[in-house]
$ cat data15.cif   # mmCIF, C-alpha atoms
data_final
loop_
_atom_site.label_atom_id
_atom_site.label_comp_id
_atom_site.auth_asym_id
_atom_site.auth_seq_id
_atom_site.Cartn_x
_atom_site.Cartn_y
_atom_site.Cartn_z
CA MET A 257 0.00 0.00 0.00
CA THR A 258 1.26 3.49 -0.86
CA PRO A 259 2.21 5.41 2.29
CA PRO A 260 -0.39 8.06 3.17
CA LEU A 261 0.34 11.69 2.41
CA ALA A 262 1.20 13.96 5.35
CA THR A 263 -2.04 15.82 4.69
CA ASP A 264 -4.04 12.59 4.84
CA THR A 265 -2.43 11.69 8.17
CA ALA A 266 -3.11 15.13 9.63
CA LEU A 267 -6.74 15.08 8.57
CA MET A 268 -7.22 11.56 9.92
CA ARG A 269 -5.86 12.76 13.25
CA ARG A 270 -8.46 15.50 13.16
CA ALA A 271 -11.13 12.84 12.52
CA LEU A 272 -9.78 10.86 15.48
CA ARG A 273 -10.11 13.91 17.71
CA ARG A 274 -13.72 14.25 16.59
CA ALA A 275 -14.35 10.57 17.31
CA ARG A 276 -13.07 10.90 20.88
CA ARG A 277 -15.77 13.45 21.65
CA GLY A 278 -18.19 10.52 21.90
CA PHE A 279 -16.04 8.84 24.58
CA GLY A 280 -18.12 6.72 26.93
CA ARG A 281 -21.41 7.46 25.15
CA THR A 282 -21.68 5.40 21.95
CA SER A 283 -21.77 1.77 23.14
CA PRO A 284 -22.69 -0.69 21.73
CA ASN A 285 -21.63 1.32 18.69
CA PRO A 286 -18.03 2.32 18.00
CA LEU A 287 -16.44 5.75 18.33
CA VAL A 288 -16.21 7.26 14.84
CA GLY A 289 -15.15 10.67 13.56
CA ALA A 290 -15.37 12.15 10.06
CA VAL A 291 -14.03 15.23 8.25
CA LEU A 292 -15.12 16.52 4.82
CA VAL A 293 -12.53 18.35 2.71
CA ARG A 294 -12.77 20.09 -0.65
CA ARG A 295 -9.88 21.94 -2.30
CA SER A 296 -7.88 21.79 0.95
CA GLU A 297 -10.69 23.40 2.94
CA ILE A 298 -12.55 21.60 5.72
CA ILE A 299 -16.21 22.06 4.85
CA GLY A 300 -17.76 19.80 7.49
CA SER A 301 -17.00 17.44 10.36
CA GLY A 302 -18.85 15.26 12.82
CA TRP A 303 -18.75 12.33 15.20
CA HIS A 304 -21.09 9.62 16.38
CA HIS A 305 -22.94 10.82 19.48
CA GLY A 306 -24.69 7.61 20.52
CA ALA A 307 -26.44 4.41 19.47
CA GLY A 308 -29.49 5.13 17.33
CA LEU A 309 -28.22 8.60 16.40
CA PRO A 310 -26.71 9.56 13.02
CA HIS A 311 -23.29 8.15 12.26
CA ALA A 312 -20.22 10.36 11.95
CA GLU A 313 -20.41 10.48 8.15
CA ILE A 314 -23.99 11.78 8.26
CA GLU A 315 -23.07 14.33 10.92
CA ALA A 316 -20.24 15.60 8.69
CA LEU A 317 -22.53 15.87 5.66
CA ARG A 318 -25.13 17.76 7.70
CA ASP A 319 -22.45 20.04 9.13
CA ALA A 320 -21.31 20.95 5.60
CA GLU A 321 -24.89 21.68 4.62
CA ARG A 322 -25.42 23.92 7.67
CA ARG A 323 -22.30 25.84 6.72
CA GLY A 324 -23.52 26.34 3.15
CA HIS A 325 -21.17 23.86 1.45
CA SER A 326 -22.05 21.18 -1.07
CA PRO A 327 -20.26 17.87 -0.43
CA ARG A 328 -20.22 17.01 -4.15
CA GLY A 329 -16.68 16.30 -5.25
CA ALA A 330 -15.30 16.39 -1.69
CA THR A 331 -13.03 13.93 0.10
CA LEU A 332 -14.33 12.20 3.22
CA TYR A 333 -11.90 11.22 5.99
CA VAL A 334 -13.45 8.70 8.38
CA THR A 335 -11.87 6.66 11.18
CA LEU A 336 -13.83 3.46 10.42
CA GLU A 337 -15.06 1.83 7.23
CA PRO A 338 -18.54 3.25 6.44
CA CYS A 339 -21.37 0.88 7.31
CA CYS A 340 -23.18 -0.80 4.44
CA THR A 341 -26.08 -2.51 6.22
CA HIS A 342 -29.37 -1.38 7.72
CA GLY A 343 -29.30 -1.22 11.51
CA ARG A 344 -30.83 1.46 13.71
CA THR A 345 -29.87 3.87 10.91
CA PRO A 346 -29.62 3.50 7.11
CA PRO A 347 -26.27 2.52 5.50
CA CYS A 348 -23.73 5.34 5.37
CA THR A 349 -22.49 4.06 2.02
CA ASP A 350 -25.84 5.04 0.47
CA ALA A 351 -25.57 8.58 1.84
CA ILE A 352 -21.95 8.94 0.70
CA ILE A 353 -22.82 7.85 -2.83
CA ALA A 354 -25.90 10.08 -2.98
CA ALA A 355 -23.88 13.10 -1.76
CA GLY A 356 -21.47 12.84 -4.67
CA ILE A 357 -18.35 12.28 -2.57
CA ARG A 358 -15.35 11.86 -4.86
CA ARG A 359 -12.94 10.09 -2.51
CA VAL A 360 -13.09 8.26 0.83
CA ILE A 361 -10.03 7.87 3.04
CA ALA A 362 -10.61 5.51 5.96
CA GLY A 363 -8.64 4.39 8.99
CA ALA A 364 -9.78 1.00 10.29
CA THR A 365 -11.67 -1.73 8.45
CA ASP A 366 -14.99 -2.94 9.87
CA PRO A 367 -14.01 -5.60 12.46
CA ASN A 368 -17.11 -7.69 11.74
CA PRO A 369 -15.91 -10.56 9.52
CA ALA A 370 -19.31 -10.61 7.80
CA HIS A 371 -18.98 -6.98 6.72
CA ALA A 372 -15.24 -6.27 6.56
CA GLY A 373 -14.35 -4.58 3.26
CA ARG A 374 -17.88 -4.69 1.89
CA GLY A 375 -18.43 -0.97 2.41
CA PHE A 376 -15.26 -0.20 0.47
CA GLU A 377 -16.40 -2.48 -2.37
CA LEU A 378 -19.75 -0.70 -2.64
CA LEU A 379 -18.06 2.68 -2.76
CA ARG A 380 -15.61 1.57 -5.43
CA ALA A 381 -18.47 0.11 -7.46
CA ALA A 382 -19.99 3.61 -7.41
CA LYS A 383 -16.74 5.00 -8.88
CA ILE A 384 -15.59 6.53 -5.59
CA ALA A 385 -11.82 6.35 -4.96
CA VAL A 386 -11.10 4.54 -1.69
CA THR A 387 -7.96 4.52 0.44
CA HIS A 388 -7.91 2.71 3.74
CA GLY A 389 -5.41 1.91 6.47
CA VAL A 390 -4.44 5.53 7.25
CA LEU A 391 -3.48 5.53 10.97
CA ALA A 392 -5.15 2.13 11.13
CA THR A 393 -3.53 1.12 14.43
CA GLU A 394 -4.72 4.27 16.20
CA CYS A 395 -8.18 3.94 14.71
CA GLU A 396 -8.42 0.28 15.78
CA ARG A 397 -7.15 1.03 19.29
CA LEU A 398 -9.87 3.66 19.64
CA ASN A 399 -12.50 0.89 19.54
CA GLU A 400 -10.70 -2.00 21.20
CA ALA A 401 -13.72 -3.01 23.28
CA PHE A 402 -16.17 -2.76 20.37
CA ASN A 403 -13.84 -4.78 18.12
CA HIS A 404 -13.50 -7.51 20.75
CA TRP A 405 -17.25 -7.69 21.30
CA ILE A 406 -18.04 -7.82 17.58
CA VAL A 407 -15.67 -10.74 17.06
CA HIS A 408 -16.16 -12.73 20.30
CA ARG A 409 -19.62 -11.53 21.43
CA THR A 410 -18.32 -11.09 24.97
CA PRO A 411 -17.19 -7.86 26.63
CA LEU A 412 -13.57 -6.82 26.73
CA VAL A 413 -12.55 -7.31 30.37
CA THR A 414 -10.18 -4.95 32.16
CA VAL A 415 -9.08 -5.77 35.71
CA LYS A 416 -8.41 -2.59 37.67
CA ALA A 417 -6.70 -2.46 41.06
CA ALA A 418 -5.07 0.19 43.24
CA MET A 419 -2.27 -1.18 45.41
CA THR A 420 0.92 -0.57 47.33
CA LEU A 421 4.28 -1.44 45.80
CA ASP A 422 4.13 -4.83 47.50
CA GLY A 423 0.82 -5.64 45.81
CA LYS A 424 -1.60 -5.04 48.71
CA ILE A 425 -5.01 -3.43 48.22
CA ALA A 426 -6.01 -3.25 51.90
CA THR A 427 -4.86 -4.05 55.40
CA ALA A 428 -5.94 -7.32 57.01
CA SER A 429 -8.86 -5.43 58.59
CA GLY A 430 -9.96 -4.06 55.20
CA ASP A 431 -8.71 -0.47 55.49
CA SER A 432 -8.00 0.80 51.95
CA LYS A 433 -9.01 4.50 51.74
CA TRP A 434 -7.01 5.89 50.17
CA ILE A 435 -4.02 3.93 48.95
CA THR A 436 -3.60 6.03 45.81
CA SER A 437 -3.71 9.79 45.29
CA GLU A 438 -6.46 11.97 43.90
CA PRO A 439 -4.90 12.14 40.38
CA ALA A 440 -4.86 8.34 40.24
CA ARG A 441 -8.45 8.12 41.44
CA ALA A 442 -9.51 10.62 38.76
CA VAL A 443 -8.02 8.40 36.06
CA GLY A 444 -9.74 5.41 37.66
CA MET A 445 -13.01 7.27 37.23
CA LYS A 446 -12.21 7.79 33.53
CA LEU A 447 -11.91 4.00 33.26
CA ARG A 448 -15.45 3.76 34.60
CA GLU A 449 -16.60 6.30 32.05
CA SER A 450 -15.21 4.17 29.22
CA ALA A 451 -16.87 0.97 30.48
CA ASP A 452 -20.40 -0.32 29.99
CA ALA A 453 -20.45 -2.20 33.29
CA ILE A 454 -18.47 -2.54 36.51
CA LEU A 455 -18.18 -5.82 38.43
CA VAL A 456 -17.25 -6.64 42.02
CA GLY A 457 -17.68 -9.59 44.33
CA ILE A 458 -19.86 -9.85 47.41
CA ASN A 459 -16.89 -9.35 49.75
CA THR A 460 -16.32 -5.87 48.32
CA ILE A 461 -19.98 -5.03 48.95
CA LEU A 462 -19.81 -6.31 52.53
CA ALA A 463 -16.51 -4.58 53.31
CA ASP A 464 -16.94 -1.21 51.59
CA ASN A 465 -20.61 -0.77 50.65
CA PRO A 466 -19.50 1.06 47.48
CA SER A 467 -21.75 3.02 45.13
CA LEU A 468 -19.94 1.80 41.96
CA THR A 469 -21.09 4.79 39.95
CA PHE A 470 -19.41 7.12 37.51
CA ARG A 471 -18.85 10.50 39.14
CA PRO A 472 -17.89 13.21 36.62
CA ALA A 473 -15.70 16.25 37.16
CA THR A 474 -16.65 18.01 40.39
CA THR A 475 -16.04 21.65 39.43
CA ALA A 476 -19.20 23.50 38.45
CA ARG A 477 -17.78 24.57 35.10
CA LYS A 478 -16.66 21.08 34.11
CA ALA A 479 -19.91 19.53 35.31
CA ALA A 480 -21.97 22.02 33.28
CA ALA A 481 -19.86 21.42 30.17
CA ALA A 482 -20.19 17.64 30.53
CA ALA A 483 -23.96 17.87 31.01
CA ALA A 484 -24.31 20.05 27.92
CA ALA A 485 -22.21 17.72 25.80
CA ALA A 486 -23.90 14.41 26.60
CA PRO A 487 -26.45 12.74 28.89
CA PRO A 488 -25.18 11.33 32.21
CA LYS A 489 -23.17 8.13 31.99
CA ARG A 490 -25.23 5.08 32.97
CA LEU A 491 -22.91 2.39 34.29
CA SER A 492 -24.35 -1.08 34.85
CA ARG A 493 -23.29 -2.71 38.13
CA ILE A 494 -22.70 -6.46 38.38
CA ILE A 495 -22.33 -8.14 41.79
CA LEU A 496 -21.10 -11.74 42.09
CA ASP A 497 -23.06 -13.10 45.04
CA ALA A 498 -23.60 -16.86 44.77
CA HIS A 499 -25.32 -17.14 48.16
CA ALA A 500 -27.43 -13.94 48.09
CA ARG A 501 -25.59 -12.24 50.94
CA THR A 502 -25.98 -8.68 49.62
CA PRO A 503 -27.56 -6.56 52.40
CA LEU A 504 -30.92 -5.11 51.49
CA ASP A 505 -29.69 -1.68 52.60
CA ALA A 506 -26.58 -1.76 50.41
CA ARG A 507 -26.04 1.34 48.26
CA VAL A 508 -26.21 -0.66 45.03
CA ILE A 509 -29.76 -1.68 46.01
CA THR A 510 -31.11 1.49 47.58
CA ASP A 511 -29.62 4.38 45.58
CA ASP A 512 -31.02 6.18 42.54
CA ALA A 513 -29.13 3.83 40.18
CA ALA A 514 -30.63 0.62 41.60
CA ALA A 515 -32.22 -0.14 38.23
CA LEU A 516 -28.69 -0.58 36.84
CA THR A 517 -27.73 -3.25 39.41
CA THR A 518 -27.62 -6.96 38.62
CA ILE A 519 -26.95 -9.49 41.40
CA VAL A 520 -25.57 -12.74 40.01
CA LEU A 521 -26.74 -15.63 42.20
CA SER A 522 -26.42 -19.39 42.07
CA ALA A 523 -28.92 -22.13 42.78
CA ALA A 524 -27.26 -22.48 46.18
CA ALA A 525 -28.73 -19.15 47.35
CA THR A 526 -31.56 -19.47 49.85
CA GLN A 527 -34.91 -18.90 48.19
CA ARG A 528 -35.99 -16.29 50.73
CA ARG A 529 -32.89 -14.14 50.31
CA ALA A 530 -32.92 -14.49 46.52
CA ALA A 531 -36.58 -13.45 46.38
CA ALA A 532 -35.96 -10.42 48.59
CA LEU A 533 -33.16 -9.22 46.30
CA ALA A 534 -35.23 -9.89 43.18
CA GLN A 535 -37.94 -7.56 44.50
CA ARG A 536 -35.47 -4.67 44.55
CA VAL A 537 -32.97 -5.22 41.72
CA ARG A 538 -32.44 -7.49 38.75
CA THR A 539 -31.05 -10.92 39.57
CA LEU A 540 -29.51 -13.65 37.43
CA VAL A 541 -29.14 -17.27 38.46
CA ALA A 542 -25.88 -18.51 36.98
CA PRO A 543 -24.45 -22.00 36.73
CA VAL A 544 -21.41 -22.71 38.89
CA THR A 545 -18.05 -24.35 38.31
CA PRO A 546 -17.14 -27.65 40.05
CA ASP A 547 -15.65 -25.66 42.96
CA GLY A 548 -18.92 -23.77 43.48
CA ARG A 549 -17.95 -20.43 41.91
CA ILE A 550 -20.06 -18.42 39.46
CA ASP A 551 -19.33 -19.63 35.93
CA LEU A 552 -17.64 -16.57 34.44
CA ARG A 553 -17.66 -17.96 30.91
CA TRP A 554 -21.45 -18.21 31.07
CA LEU A 555 -21.74 -14.76 32.63
CA LEU A 556 -19.58 -13.05 30.00
CA ALA A 557 -21.61 -14.65 27.21
CA GLU A 558 -24.79 -13.40 28.91
CA LEU A 559 -23.40 -9.88 29.22
CA GLY A 560 -22.33 -9.96 25.59
CA ARG A 561 -25.87 -10.86 24.54
CA GLU A 562 -27.00 -7.79 26.47
CA GLN A 563 -24.67 -5.64 24.33
CA ILE A 564 -22.20 -4.92 27.11
CA THR A 565 -19.00 -4.41 25.15
CA SER A 566 -16.62 -3.51 27.99
CA LEU A 567 -16.48 -4.74 31.59
CA LEU A 568 -14.37 -3.15 34.33
CA VAL A 569 -13.55 -5.57 37.15
CA GLU A 570 -12.82 -3.76 40.43
CA GLY A 571 -13.02 -6.73 42.74
CA GLY A 572 -10.89 -7.98 45.56
CA GLY A 573 -8.03 -10.44 45.21
CA GLU A 574 -10.19 -13.52 44.67
CA VAL A 575 -12.43 -11.98 42.01
CA ASN A 576 -9.42 -10.45 40.25
CA ALA A 577 -7.69 -13.82 40.29
CA SER A 578 -10.76 -15.57 38.91
CA PHE A 579 -10.73 -13.31 35.85
CA LEU A 580 -6.97 -13.13 35.36
CA LEU A 581 -5.89 -16.68 36.15
CA GLY A 582 -9.07 -18.08 34.60
CA GLY A 583 -8.16 -16.51 31.25
CA PHE A 584 -11.17 -14.17 31.12
CA ALA A 585 -9.38 -10.79 31.20
CA GLN A 586 -7.85 -9.02 28.21
CA ARG A 587 -6.35 -5.97 29.91
CA ILE A 588 -5.15 -4.70 33.29
CA ALA A 589 -5.01 -1.22 34.80
CA PHE A 590 -2.86 -1.43 37.93
CA PHE A 591 -2.27 1.70 40.01
CA TYR A 592 0.81 1.61 42.27
CA ALA A 593 1.26 3.94 45.23
CA PRO A 594 4.78 4.52 46.64
CA LYS A 595 3.87 2.71 49.85
CA ILE A 596 4.69 -0.63 51.45
CA LEU A 597 1.99 -2.22 53.55
CA GLY A 598 3.43 -5.63 54.38
CA GLY A 599 1.66 -8.23 56.48
CA ARG A 600 0.99 -11.90 55.81
CA THR A 601 -2.75 -11.42 56.00
CA ALA A 602 -2.99 -8.08 54.21
CA ARG A 603 -5.26 -8.29 51.19
CA LYS A 604 -3.60 -8.92 47.85
CA ALA A 605 -4.56 -7.41 44.51
CA VAL A 606 -4.48 -10.87 42.92
CA ALA A 607 -5.04 -13.87 45.18
CA GLY A 608 -6.38 -17.28 44.18
CA ASP A 609 -4.21 -20.37 43.98
CA GLY A 610 -1.62 -18.74 41.74
CA ALA A 611 0.66 -20.35 39.20
CA ARG A 612 2.26 -23.66 40.10
CA ASN A 613 5.40 -22.85 38.11
CA LEU A 614 6.80 -20.10 35.91
CA ASP A 615 5.38 -21.71 32.77
CA GLU A 616 1.89 -20.89 34.08
CA VAL A 617 2.41 -17.19 34.83
CA LEU A 618 0.43 -14.62 32.89
CA ASN A 619 2.44 -12.50 30.52
CA LEU A 620 1.78 -8.81 29.92
CA THR A 621 2.36 -7.10 26.58
CA ASP A 622 1.78 -3.63 25.15
CA LEU A 623 2.90 -2.09 28.43
CA HIS A 624 2.34 1.60 29.11
CA TRP A 625 3.49 3.37 32.28
CA ARG A 626 2.11 6.75 33.34
CA GLN A 627 2.89 8.88 36.37
CA LEU A 628 -0.13 10.31 38.21
CA GLY A 629 1.04 12.57 41.01
CA PRO A 630 3.14 10.29 43.25
CA ASP A 631 1.59 7.13 41.80
CA LEU A 632 2.23 5.01 38.72
CA LEU A 633 -0.35 3.45 36.40
CA LEU A 634 0.48 0.35 34.38
CA THR A 635 -1.88 -0.56 31.56
CA ALA A 636 -1.18 -3.67 29.56
CA ARG A 637 -2.67 -6.48 27.54
CA VAL A 638 -2.91 -9.90 29.20
CA SER A 639 -1.43 -12.78 27.23
CA PRO A 640 -1.90 -16.48 28.03
CA PRO A 641 0.89 -18.28 29.89
CA SER A 642 3.70 -19.76 27.82
CA SER A 643 2.50 -23.26 28.75
CA ALA A 644 -0.81 -22.54 26.95
CA ALA A 645 0.96 -21.32 23.82
CA SER A 646 2.92 -24.56 23.57
CA ARG A 647 -0.15 -26.78 23.77
#

$ encode --input "data15.cif" --output "structure tokens"
Amino acid sequence: MTPPLATDTALMRRALRRARRGFGRTSPNPLVGAVLVRRSEIIGSGWHHGAGLPHAEIEALRDAERRGHSPRGATLYVTLEPCCTHGRTPPCTDAIIAAGIRRVIAGATDPNPAHAGRGFELLRAAKIAVTHGVLATECERLNEAFNHWIVHRTPLVTVKAAMTLDGKIATASGDSKWITSEPARAVGMKLRESADAILVGINTILADNPSLTFRPATTARKAAAAAAAAPPKRLSRIILDAHARTPLDARVITDDAAALTTIVLSAAATQRRAAALAQRVRTLVAPVTPDGRIDLRWLLAELGREQITSLLVEGGGEVNASFLLGGFAQRIAFFYAPKILGGRTARKAVAGDGARNLDEVLNLTDLHWRQLGPDLLLTARVSPPSSAASR
């Protein structure tokens, strides 16, 4: 493929910036941005605001029209291959062809194997010049969760934990507020904003009684700007509670977001307790593994069917271990405070049985370190142990 022109790269970066304006609001649709250019002048731009709303390409065409520009003969820069099928909205390929666009320059290809490349083919059949793959890696990374969900039909799972340098998330008595600094906690809240759902185990509910909500910027100016830009983030809350031990006065049951709470039970839960929870919030009865734990494979498939594309796990050591060591997590976000807690019974960020030998350890790739005040954040992709790769 011919390397993209510097102008094409710059304009695709502008489209990426547009796409990011929909951050945390478009699921189960992807983030997409578009820019319309004619004779080196930007005549329109747009981004996808949310599922069921016009796609980025349509927003850009409408923006050009509002500004008194005809899109005929223009070049369209778009971060993702234009859709070619009827969904909640008509195909963007039809609108592009009807508008008389001369050229389409795209970033990523549609991740759906059933549709990948088909939009490009339709555009070329209409005599529209098509170039794709411009900043493809950045465009694909923008929609990592959506891409995973489209291919696997399960949410992308990120395990998040805040810990001391020796890997402890709380003292033996459960004291954990606050291990990390305010800058780190603000970034942790951004992780919630990017997720469709947050998951914890029953022990976290019993120990901390958390709200598990997304809390936006606290300054009046930032809060007003966020409210004007998009509706409030609605974050689903998933509680693993095989034996229905969630207190009926827990925040996740009694607060204004109770309709977003799902308690995942097992058949081992007492009927009386399960019925009491079901009167207040949604409950699911999940199958269990041979050791009596909630079957996470079943749960992730269920969440995927409900169009949850990204799941943030903020559990304790046992829940984190179940996702990581069970092979159900794709990414980690580990916050490290410059503190040492020590203690044999202090609570670990990742517990469980652990690896029996070094061939069974989880490997991390695509590592990125970031300093947040005095703390460090490590984000990385989780790879299977080397023993799995050799099988």

$ closest_residue --input "data15.cif" --among "A:Arg295, A:Arg276, A:Lys424, A:Arg493" --to "Pro466 of chain A" --atoms "all atoms listed in the file"
A:Arg493

$ resolve_selection --input "data15.cif" --expression "the PyMOL selection byres ((chain A and resi 522-529) around 10)" --output "PyMOL selection string"
chain A and resi 496-504+519-521+530-534+539-544+548-551

$ residues_near_point --input "data15.cif" --point "(0.0, -4.2, 47.2)" --cutoff "10 Å" --atoms "all atoms listed in the file" --output "MDAnalysis selection string"
chainID A and resid 417:427 435 591:598 602:606

$ atom_distance --input "data15.cif" --atom1 "atom CA of Pro367 of chain A" --atom2 "atom CA of Glu449 of chain A"
23.1 Å

$ closest_residue --input "data15.cif" --among "A:Ile564, A:Val334, A:Ile353, A:Ile509" --to "Phe402 of chain A" --atoms "all atoms listed in the file"
A:Ile564

$ resolve_selection --input "data15.cif" --expression "the PyMOL selection byres ((chain A and resi 293) around 9)" --output "PyMOL selection string"
chain A and resi 267+291-292+294-301+327+330-333

$ resolve_selection --input "data15.cif" --expression "the PyMOL selection byres ((chain A and resi 569) around 8)" --output "list of chain:residue names"
A:Val413, A:Thr414, A:Val415, A:Lys416, A:Ile454, A:Leu455, A:Val456, A:Leu567, A:Leu568, A:Glu570, A:Gly571, A:Asn576

$ closest_residue --input "data15.cif" --among "A:Leu379, A:Val407, A:Leu398, A:Leu634" --to "Ala275 of chain A" --atoms "only C-alpha atoms"
A:Leu398

$ residues_around --input "data15.cif" --residues "His408 of chain A" --least-positions-apart "3" --cutoff "10 Å" --atoms "all atoms listed in the file" --output "ChimeraX atom specification"
/A:368,402-405,411-412,557,560

$ closest_residue --input "data15.cif" --among "A:Ala453, A:Ala463, A:Ala355, A:Gly324" --to "Ala428 of chain A" --atoms "all atoms listed in the file"
A:Ala463

$ closest_residue --input "data15.cif" --among "A:Thr263, A:Thr601, A:Thr335, A:Thr410" --to "Ala392 of chain A" --atoms "only C-alpha atoms"
A:Thr335

$ atom_distance --input "data15.cif" --atom1 "atom CA of Leu620 of chain A" --atom2 "atom CA of Leu581 of chain A"
12.6 Å

$ closest_residue --input "data15.cif" --among "A:Ala351, A:Ala451, A:Ala585, A:Ile494" --to "Arg281 of chain A" --atoms "all atoms listed in the file"
A:Ala451

$ atom_distance --input "data15.cif" --atom1 "atom CA of Glu396 of chain A" --atom2 "atom CA of Ala440 of chain A"
26.0 Å
